[in-house]
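Here's query.json, which has JSON, C-alpha atoms:
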[["chain", "number", "residue", "atom", "x", "y", "z"],
["M", 26, "MET", "CA", 141.34, 94.22, 86.38],
["M", 27, "PRO", "CA", 145.10, 93.88, 86.61],
["M", 28, "TYR", "CA", 147.26, 96.76, 85.54],
["M", 29, "ALA", "CA", 150.80, 95.47, 85.39],
["M", 30, "MET", "CA", 152.67, 97.99, 83.27],
["M", 31, "ASP", "CA", 155.00, 100.53, 84.83],
["M", 32, "ILE", "CA", 156.44, 103.66, 83.35],
["M", 33, "PRO", "CA", 159.88, 102.76, 81.96],
["M", 34, "ASP", "CA", 162.88, 104.04, 83.92],
["M", 35, "GLY", "CA", 164.00, 107.44, 82.75],
["M", 36, "ALA", "CA", 160.83, 108.17, 80.80],
["M", 37, "HIS", "CA", 160.06, 111.38, 82.64],
["M", 38, "GLU", "CA", 163.59, 112.69, 82.05],
["M", 39, "VAL", "CA", 163.52, 111.81, 78.36],
["M", 40, "LEU", "CA", 160.18, 113.51, 77.87],
["M", 41, "ALA", "CA", 161.29, 116.53, 79.92],
["M", 42, "ALA", "CA", 164.27, 116.90, 77.61],
["M", 43, "TRP", "CA", 161.96, 116.77, 74.59],
["M", 44, "GLN", "CA", 159.42, 119.13, 76.13],
["M", 45, "THR", "CA", 162.03, 121.77, 77.03],
["M", 46, "ASN", "CA", 164.02, 121.55, 73.82],
["M", 47, "PRO", "CA", 163.81, 125.12, 72.44],
["M", 48, "ALA", "CA", 163.24, 123.83, 68.91],
["M", 49, "VAL", "CA", 160.36, 121.67, 70.13],
["M", 50, "VAL", "CA", 158.88, 124.51, 72.19],
["M", 51, "ALA", "CA", 158.99, 126.79, 69.15],
["M", 52, "ALA", "CA", 157.53, 124.14, 66.85],
["M", 53, "LEU", "CA", 154.68, 123.39, 69.27],
["M", 54, "ALA", "CA", 153.94, 127.11, 69.58],
["M", 55, "ARG", "CA", 153.48, 127.44, 65.84],
["M", 56, "ALA", "CA", 151.65, 124.08, 65.58],
["M", 57, "ASP", "CA", 154.37, 122.64, 63.37],
["M", 58, "TRP", "CA", 153.70, 119.06, 64.41],
["M", 59, "LYS", "CA", 156.12, 117.52, 61.94],
["M", 60, "ALA", "CA", 159.01, 119.50, 63.39],
["M", 61, "ALA", "CA", 157.86, 119.13, 66.98],
["M", 62, "PHE", "CA", 157.60, 115.35, 66.77],
["M", 63, "SER", "CA", 160.57, 114.62, 64.50],
["M", 64, "ASP", "CA", 162.60, 113.40, 67.51],
["M", 65, "TYR", "CA", 159.72, 112.57, 69.80],
["M", 66, "PRO", "CA", 160.49, 109.78, 72.31],
["M", 67, "TYR", "CA", 157.59, 107.47, 71.54],
["M", 68, "LEU", "CA", 156.66, 104.84, 74.07],
["M", 69, "GLU", "CA", 157.67, 101.49, 72.65],
["M", 70, "VAL", "CA", 156.24, 98.40, 74.32],
["M", 71, "THR", "CA", 158.35, 95.35, 73.63],
["M", 72, "ASP", "CA", 157.05, 93.05, 76.34],
["M", 73, "THR", "CA", 154.26, 90.67, 75.50],
["M", 74, "PRO", "CA", 151.13, 92.45, 76.67],
["M", 75, "PRO", "CA", 149.09, 90.83, 79.41],
["M", 76, "PHE", "CA", 146.34, 88.82, 77.76],
["M", 77, "THR", "CA", 143.32, 87.45, 79.54],
["M", 78, "PRO", "CA", 141.16, 85.18, 77.39],
["M", 79, "PHE", "CA", 137.56, 86.28, 77.29],
["M", 80, "THR", "CA", 135.70, 83.19, 78.43],
["M", 81, "LYS", "CA", 132.22, 84.52, 79.09],
["M", 82, "PRO", "CA", 129.66, 84.03, 76.33],
["M", 83, "LEU", "CA", 129.42, 87.32, 74.48],
["M", 84, "ALA", "CA", 125.63, 87.17, 74.59],
["M", 85, "SER", "CA", 125.76, 87.45, 78.39],
["M", 86, "ALA", "CA", 128.54, 90.04, 78.55],
["M", 87, "LYS", "CA", 128.51, 93.64, 79.67],
["M", 88, "ILE", "CA", 130.63, 95.83, 77.38],
["M", 89, "ALA", "CA", 132.21, 99.17, 78.24],
["M", 90, "VAL", "CA", 133.51, 101.72, 75.75],
["M", 91, "VAL", "CA", 136.45, 104.11, 75.87],
["M", 92, "THR", "CA", 136.87, 106.60, 73.05],
["M", 93, "THR", "CA", 139.67, 109.15, 72.64],
["M", 94, "GLY", "CA", 137.82, 111.51, 70.32],
["M", 95, "GLY", "CA", 137.57, 114.40, 72.77],
["M", 96, "ILE", "CA", 133.79, 114.11, 73.19],
["M", 97, "TYR", "CA", 132.09, 116.02, 76.01],
["M", 98, "ILE", "CA", 128.57, 117.13, 76.96],
["M", 99, "ASP", "CA", 128.11, 120.67, 75.77],
["M", 100, "GLY", "CA", 127.00, 123.06, 78.51],
["M", 101, "GLN", "CA", 127.38, 120.47, 81.22],
["M", 102, "GLN", "CA", 131.03, 119.50, 81.15],
["M", 103, "PRO", "CA", 134.16, 121.54, 80.46],
["M", 104, "ALA", "CA", 135.57, 121.06, 77.00],
["M", 105, "PHE", "CA", 138.90, 119.31, 76.71],
["M", 106, "ASP", "CA", 141.87, 121.67, 76.54],
["M", 107, "ALA", "CA", 142.24, 121.15, 72.82],
["M", 108, "ALA", "CA", 144.51, 124.15, 72.28],
["M", 109, "ASN", "CA", 147.10, 122.97, 74.80],
["M", 110, "PRO", "CA", 150.20, 121.90, 72.84],
["M", 111, "LEU", "CA", 150.96, 119.45, 75.65],
["M", 112, "GLY", "CA", 147.53, 117.82, 75.48],
["M", 113, "ASP", "CA", 144.86, 116.99, 78.03],
["M", 114, "ALA", "CA", 144.86, 113.75, 80.06],
["M", 115, "THR", "CA", 141.50, 114.29, 81.78],
["M", 116, "ILE", "CA", 138.39, 112.27, 81.01],
["M", 117, "ARG", "CA", 134.65, 112.88, 80.75],
["M", 118, "TYR", "CA", 132.00, 110.41, 81.84],
["M", 119, "ILE", "CA", 129.08, 110.50, 79.43],
["M", 120, "PRO", "CA", 125.83, 108.72, 80.29],
["M", 121, "ILE", "CA", 125.09, 106.38, 77.41],
["M", 122, "ASP", "CA", 121.58, 107.76, 76.97],
["M", 123, "THR", "CA", 122.90, 111.27, 76.27],
["M", 124, "PRO", "CA", 121.54, 112.44, 72.90],
["M", 125, "TYR", "CA", 124.26, 112.90, 70.33],
["M", 126, "SER", "CA", 122.89, 116.39, 69.73],
["M", 127, "ARG", "CA", 124.23, 117.37, 73.16],
["M", 128, "LEU", "CA", 127.74, 116.12, 72.48],
["M", 129, "LYS", "CA", 130.58, 118.19, 71.11],
["M", 130, "ILE", "CA", 134.19, 117.53, 70.22],
["M", 131, "ALA", "CA", 137.18, 119.41, 71.63],
["M", 132, "HIS", "CA", 140.24, 117.96, 69.94],
["M", 133, "ASP", "CA", 142.42, 119.86, 67.48],
["M", 134, "HIS", "CA", 144.45, 116.91, 66.20],
["M", 135, "TYR", "CA", 142.16, 115.22, 63.73],
["M", 136, "ASP", "CA", 139.70, 116.19, 61.03],
["M", 137, "HIS", "CA", 136.16, 116.59, 62.42],
["M", 138, "THR", "CA", 134.45, 116.46, 59.04],
["M", 139, "ALA", "CA", 133.29, 112.86, 59.43],
["M", 140, "PRO", "CA", 132.16, 112.98, 63.08],
["M", 141, "ASN", "CA", 130.41, 116.29, 62.46],
["M", 142, "GLN", "CA", 128.34, 114.45, 59.84],
["M", 143, "ASP", "CA", 127.91, 111.33, 61.90],
["M", 144, "LEU", "CA", 129.26, 110.97, 65.44],
["M", 145, "SER", "CA", 129.08, 107.20, 65.10],
["M", 146, "THR", "CA", 132.39, 107.38, 63.24],
["M", 147, "ILE", "CA", 134.11, 107.88, 66.60],
["M", 148, "ASN", "CA", 131.42, 107.08, 69.20],
["M", 149, "PRO", "CA", 129.96, 103.58, 68.95],
["M", 150, "VAL", "CA", 127.23, 103.90, 71.58],
["M", 151, "GLN", "CA", 124.21, 104.19, 69.25],
["M", 152, "ASN", "CA", 125.39, 101.34, 67.06],
["M", 153, "LEU", "CA", 126.30, 99.19, 70.05],
["M", 154, "ARG", "CA", 122.76, 99.62, 71.37],
["M", 155, "ILE", "CA", 121.49, 98.24, 68.07],
["M", 156, "LEU", "CA", 123.82, 95.25, 68.38],
["M", 157, "CYS", "CA", 122.79, 94.81, 72.01],
["M", 158, "ASP", "CA", 119.13, 94.79, 71.00],
["M", 159, "GLU", "CA", 120.01, 92.13, 68.42],
["M", 160, "GLY", "CA", 121.40, 90.01, 71.25],
["M", 161, "LEU", "CA", 125.08, 90.16, 70.31],
["M", 162, "PHE", "CA", 125.93, 91.10, 73.91],
["M", 163, "ARG", "CA", 123.87, 91.56, 77.07],
["M", 164, "THR", "CA", 124.24, 95.20, 78.01],
["M", 165, "LEU", "CA", 126.31, 98.33, 77.61],
["M", 166, "ALA", "CA", 128.20, 99.69, 80.60],
["M", 167, "ASN", "CA", 127.31, 103.16, 81.73],
["M", 168, "PRO", "CA", 128.92, 105.69, 81.27],
["M", 169, "LEU", "CA", 130.86, 106.01, 78.05],
["M", 170, "ILE", "CA", 134.40, 107.00, 78.99],
["M", 171, "SER", "CA", 135.66, 109.83, 76.81],
["M", 172, "ALA", "CA", 139.29, 110.90, 76.63],
["M", 173, "HIS", "CA", 141.36, 113.28, 74.53],
["M", 174, "GLY", "CA", 143.75, 111.30, 72.40],
["M", 175, "TYR", "CA", 146.47, 113.90, 72.13],
["M", 176, "ILE", "CA", 148.67, 113.40, 75.20],
["M", 177, "PRO", "CA", 152.31, 113.77, 74.16],
["M", 178, "LEU", "CA", 153.54, 113.58, 77.76],
["M", 179, "TRP", "CA", 152.57, 109.95, 77.88],
["M", 180, "PRO", "CA", 153.49, 109.29, 81.54],
["M", 181, "GLN", "CA", 150.30, 111.29, 82.19],
["M", 182, "ILE", "CA", 148.46, 108.39, 80.61],
["M", 183, "PHE", "CA", 149.87, 106.09, 83.29],
["M", 184, "ASP", "CA", 149.65, 108.57, 86.18],
["M", 185, "GLN", "CA", 146.30, 110.20, 85.45],
["M", 186, "LEU", "CA", 144.27, 108.81, 82.57],
["M", 187, "ILE", "CA", 144.44, 105.06, 83.12],
["M", 188, "PRO", "CA", 143.78, 105.22, 86.88],
["M", 189, "ALA", "CA", 140.67, 107.32, 86.19],
["M", 190, "VAL", "CA", 139.50, 104.88, 83.52],
["M", 191, "ILE", "CA", 140.10, 101.90, 85.80],
["M", 192, "GLU", "CA", 138.21, 103.56, 88.64],
["M", 193, "SER", "CA", 135.22, 104.04, 86.37],
["M", 194, "LEU", "CA", 135.43, 100.45, 85.11],
["M", 195, "HIS", "CA", 135.58, 99.15, 88.67],
["M", 196, "GLN", "CA", 132.27, 100.86, 89.26],
["M", 197, "SER", "CA", 130.54, 99.69, 86.09],
["M", 198, "GLN", "CA", 132.04, 96.15, 86.25],
["M", 199, "PRO", "CA", 132.08, 95.30, 82.53],
["M", 200, "ASP", "CA", 133.17, 91.93, 81.19],
["M", 201, "GLY", "CA", 135.00, 93.50, 78.26],
["M", 202, "VAL", "CA", 136.12, 96.92, 77.11],
["M", 203, "LEU", "CA", 136.08, 98.29, 73.60],
["M", 204, "LEU", "CA", 138.76, 100.92, 72.99],
["M", 205, "VAL", "CA", 138.26, 103.35, 70.13],
["M", 206, "PRO", "CA", 141.43, 105.40, 69.62],
["M", 207, "VAL", "CA", 140.69, 108.26, 67.23],
["I", 29, "MET", "CA", 140.00, 94.95, 72.31],
["I", 30, "ALA", "CA", 140.78, 98.07, 70.31],
["I", 31, "ILE", "CA", 139.56, 99.43, 66.99],
["I", 32, "TYR", "CA", 142.42, 101.36, 65.46],
["I", 33, "THR", "CA", 143.07, 103.48, 62.41],
["I", 34, "LEU", "CA", 146.81, 103.91, 62.87],
["I", 35, "ARG", "CA", 148.64, 100.67, 62.33],
["I", 36, "ALA", "CA", 151.98, 102.10, 63.49],
["I", 37, "SER", "CA", 150.78, 103.21, 66.90],
["I", 38, "ALA", "CA", 148.86, 100.00, 67.49],
["I", 39, "LYS", "CA", 151.99, 97.98, 66.80],
["I", 40, "ARG", "CA", 154.19, 100.33, 68.80],
["I", 41, "LEU", "CA", 152.07, 99.63, 71.86],
["I", 42, "SER", "CA", 151.97, 95.87, 71.25],
["I", 43, "LEU", "CA", 148.23, 95.85, 71.80],
["I", 44, "SER", "CA", 147.02, 92.31, 72.13],
["I", 45, "ARG", "CA", 143.72, 92.52, 70.26],
["I", 46, "VAL", "CA", 143.19, 95.03, 67.49],
["I", 47, "VAL", "CA", 140.81, 95.48, 64.60],
["I", 48, "PHE", "CA", 142.62, 97.81, 62.23],
["I", 49, "THR", "CA", 140.10, 99.58, 60.00],
["I", 50, "GLY", "CA", 142.42, 101.77, 57.95],
["I", 51, "PHE", "CA", 139.98, 104.66, 57.80],
["I", 52, "PRO", "CA", 141.34, 108.20, 58.23],
["I", 53, "ARG", "CA", 141.59, 109.57, 61.72],
["I", 54, "GLY", "CA", 138.24, 110.95, 62.75],
["I", 55, "GLN", "CA", 136.29, 108.01, 61.37],
["I", 56, "THR", "CA", 137.75, 105.06, 63.22],
["I", 57, "LEU", "CA", 134.44, 103.22, 63.18],
["I", 58, "GLY", "CA", 133.64, 103.61, 59.50],
["I", 59, "MET", "CA", 132.47, 106.15, 56.98],
["I", 60, "PRO", "CA", 129.82, 108.67, 58.01],
["I", 61, "ASN", "CA", 126.22, 107.61, 57.48],
["I", 62, "ASP", "CA", 127.24, 104.07, 56.53],
["I", 63, "ARG", "CA", 125.51, 102.22, 59.33],
["I", 64, "PRO", "CA", 125.77, 98.73, 57.82],
["I", 65, "ARG", "CA", 129.56, 98.91, 57.65],
["I", 66, "GLN", "CA", 129.81, 100.64, 61.03],
["I", 67, "LEU", "CA", 127.79, 97.83, 62.57],
["I", 68, "GLU", "CA", 129.93, 95.23, 60.83],
["I", 69, "ILE", "CA", 133.14, 96.73, 62.25],
["I", 70, "LEU", "CA", 131.71, 96.65, 65.77],
["I", 71, "ARG", "CA", 130.35, 93.14, 65.25],
["I", 72, "GLN", "CA", 133.79, 91.97, 64.11],
["I", 73, "ALA", "CA", 135.51, 93.58, 67.09],
["I", 74, "LEU", "CA", 133.15, 92.06, 69.62],
["I", 75, "THR", "CA", 133.35, 88.69, 67.95],
["I", 76, "HIS", "CA", 137.14, 88.80, 68.18],
["I", 77, "LEU", "CA", 136.87, 89.77, 71.82],
["I", 78, "SER", "CA", 134.92, 86.61, 72.48],
["I", 79, "THR", "CA", 137.33, 84.39, 70.53],
["I", 80, "ALA", "CA", 139.40, 82.51, 73.07],
["I", 81, "GLY", "CA", 143.08, 81.97, 72.37],
["I", 82, "ALA", "CA", 146.07, 83.95, 71.25],
["I", 83, "PRO", "CA", 146.28, 87.69, 70.72],
["I", 84, "LEU", "CA", 145.37, 88.82, 67.25],
["I", 85, "PHE", "CA", 145.79, 91.75, 64.93],
["I", 86, "GLN", "CA", 142.88, 91.76, 62.51],
["I", 87, "ASP", "CA", 143.60, 93.98, 59.53],
["I", 88, "ARG", "CA", 140.48, 95.22, 57.78],
["I", 89, "GLY", "CA", 142.32, 98.11, 56.14],
["I", 90, "ASP", "CA", 142.03, 96.51, 52.72],
["I", 91, "ASP", "CA", 138.28, 96.25, 53.10],
["I", 92, "ARG", "CA", 137.68, 99.97, 53.18],
["I", 93, "PRO", "CA", 135.67, 101.34, 50.27]]

Structure re-expressed in structure tokens:
Amino acid sequence: MPYAMDIPDGAHEVLAAWQTNPAVVAALARADWKAAFSDYPYLEVTDTPPFTPFTKPLASAKIAVVTTGGIYIDGQQPAFDAANPLGDATIRYIPIDTPYSRLKIAHDHYDHTAPNQDLSTINPVQNLRILCDEGLFRTLANPLISAHGYIPLWPQIFDQLIPAVIESLHQSQPDGVLLVPV
Amino acid sequence: MAIYTLRASAKRLSLSRVVFTGFPRGQTLGMPNDRPRQLEILRQALTHLSTAGAPLFQDRGDDRP
């Protein structure tokens, strides 16, 4: 799986300036996201993204899933650091046969009302198993890769998160990956 | 292939294959307890994954109930 994108020159310095701006520090401390992110240096990708046509028949494909909903196995894995105003770039590997009743969410940056009613709103594993049983694709890669979608220091995504995801995908060897940003 | 709720961030990252569902954050894959629609969103995404050719940005935001 090629990974051809580099962190743009100067990105760390730009983000360091944002992160240490006293107004931003104060806004983050009081969870005033609108103020904190009013001048946030978003990553903008202007290059054409690498695109590899998917040539394998879907019915014979192995599909992996990455979700950023902050899901973890309660009592077995540490929760994501949801209260950290600078986010959490770690990941949790969740065996796909883990009952939903054992999963919890640690993520303070979206409304949990829907996933608390039905985790399938952010975690597609149960529904994908139905589609797999119908023959839409061959099998589901194990494990589900769970990340925490709030990572304002986005070079951490390049330095930490993506390498960990790729390492897991190298082990499970899927033909395609479904990303579910939350 | 990504299933996204936030059109702006998907475009900002120039993702090559996106199904945009338009649901609020926290229910990217559909409304709670609406399995038929949840399955349809996943079916659409996987079908687009297997469609050879150019990148695409499939907007299903107008389909939301």

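Once Ser126 of chain M and its same-chain neighbours fewer than 6 positions away are set aside, M:Ile98, M:Asp99, M:Leu144 remain within 10 Å of it when counting all atoms listed in the file.
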
Those same residues, written as an mmCIF file, keeping the file's coordinate frame with C-alpha atoms?
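What ended up in part_7.cif:
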data_model
loop_
_atom_site.group_PDB
_atom_site.id
_atom_site.type_symbol
_atom_site.label_atom_id
_atom_site.label_comp_id
_atom_site.auth_asym_id
_atom_site.auth_seq_id
_atom_site.Cartn_x
_atom_site.Cartn_y
_atom_site.Cartn_z
ATOM 1 C CA ILE M 98 128.570 117.130 76.960
ATOM 2 C CA ASP M 99 128.110 120.670 75.770
ATOM 3 C CA LEU M 144 129.260 110.970 65.440
#

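If only C-alpha atoms are the atoms counted, then among I:Ser37, I:Phe51, I:Ile69, I:Ser78 the closest residue to chain M is I:Ser78.
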
So that I can check the surroundings of Val50 of chain M, please list as a list of chain:residue names every protein, DNA and RNA residue that reaches within 12 Å of it, counting all atoms listed in the file and ignoring chain neighbours fewer than 6 positions away.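 Non-adjacent residues within range: M:Ala41, M:Ala42, M:Trp43, M:Gln44, M:Ala56, M:Asp57, M:Trp58, M:Ala60, M:Ala61, M:Phe62, M:Pro110, M:Leu111.
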
Segment 57-59 of chain I environment, 12 Å, only C-alpha atoms, sequence neighbours closer than 4 positions dropped, as JSON, numbers by chain: {"M": [92, 94, 138, 139, 140, 141, 142, 143, 144, 145, 146, 147, 148, 149, 150, 151, 152, 153, 203, 204, 205, 206, 207], "I": [30, 31, 32, 33, 47, 48, 49, 50, 51, 52, 53, 63, 64, 65, 66, 67, 68, 69, 70, 71, 72, 73, 88, 89, 91, 92, 93]}

Residue selection dump (C-alpha atoms) as a short mmCIF file (atom, residue, chain, number, x, y, z; two decimals), in the frame of the given file:
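Ended up saving to selection38.cif:
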data_model
loop_
_atom_site.label_atom_id
_atom_site.label_comp_id
_atom_site.auth_asym_id
_atom_site.auth_seq_id
_atom_site.Cartn_x
_atom_site.Cartn_y
_atom_site.Cartn_z
CA THR M 92 136.87 106.60 73.05
CA GLY M 94 137.82 111.51 70.32
CA THR M 138 134.45 116.46 59.04
CA ALA M 139 133.29 112.86 59.43
CA PRO M 140 132.16 112.98 63.08
CA ASN M 141 130.41 116.29 62.46
CA GLN M 142 128.34 114.45 59.84
CA ASP M 143 127.91 111.33 61.90
CA LEU M 144 129.26 110.97 65.44
CA SER M 145 129.08 107.20 65.10
CA THR M 146 132.39 107.38 63.24
CA ILE M 147 134.11 107.88 66.60
CA ASN M 148 131.42 107.08 69.20
CA PRO M 149 129.96 103.58 68.95
CA VAL M 150 127.23 103.90 71.58
CA GLN M 151 124.21 104.19 69.25
CA ASN M 152 125.39 101.34 67.06
CA LEU M 153 126.30 99.19 70.05
CA LEU M 203 136.08 98.29 73.60
CA LEU M 204 138.76 100.92 72.99
CA VAL M 205 138.26 103.35 70.13
CA PRO M 206 141.43 105.40 69.62
CA VAL M 207 140.69 108.26 67.23
CA ALA I 30 140.78 98.07 70.31
CA ILE I 31 139.56 99.43 66.99
CA TYR I 32 142.42 101.36 65.46
CA THR I 33 143.07 103.48 62.41
CA VAL I 47 140.81 95.48 64.60
CA PHE I 48 142.62 97.81 62.23
CA THR I 49 140.10 99.58 60.00
CA GLY I 50 142.42 101.77 57.95
CA PHE I 51 139.98 104.66 57.80
CA PRO I 52 141.34 108.20 58.23
CA ARG I 53 141.59 109.57 61.72
CA ARG I 63 125.51 102.22 59.33
CA PRO I 64 125.77 98.73 57.82
CA ARG I 65 129.56 98.91 57.65
CA GLN I 66 129.81 100.64 61.03
CA LEU I 67 127.79 97.83 62.57
CA GLU I 68 129.93 95.23 60.83
CA ILE I 69 133.14 96.73 62.25
CA LEU I 70 131.71 96.65 65.77
CA ARG I 71 130.35 93.14 65.25
CA GLN I 72 133.79 91.97 64.11
CA ALA I 73 135.51 93.58 67.09
CA ARG I 88 140.48 95.22 57.78
CA GLY I 89 142.32 98.11 56.14
CA ASP I 91 138.28 96.25 53.10
CA ARG I 92 137.68 99.97 53.18
CA PRO I 93 135.67 101.34 50.27
#

In terms of the shortest atom-to-atom distance over all atoms listed in the file, which of I:His76, I:Val46, I:Lys39, I:Met29 is closest to chain M? I:Met29

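If you measure from each of M:Asp184, M:Asp34, M:Glu159, M:Asp72 to Leu43 of chain I using only C-alpha atoms, the closest one turns out to be M:Asp72.
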
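In terms of minimum interatomic distance to chain I, M:Pro78 ranks closest within M:Gly174, M:Pro78, M:Gly100, M:Pro66, counting all atoms listed in the file.
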
Using atom CA of Leu83 of chain M and atom CA of Gln198 of chain M as the two end points, give the distance in Å to one decimal.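 We find that atom CA of Leu83 of chain M and atom CA of Gln198 of chain M lie 14.9 Å from each other.
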
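Closest to chain M among I:Gln55, I:Arg45, I:Arg35, I:Leu74 is I:Gln55, based on all atoms listed in the file.
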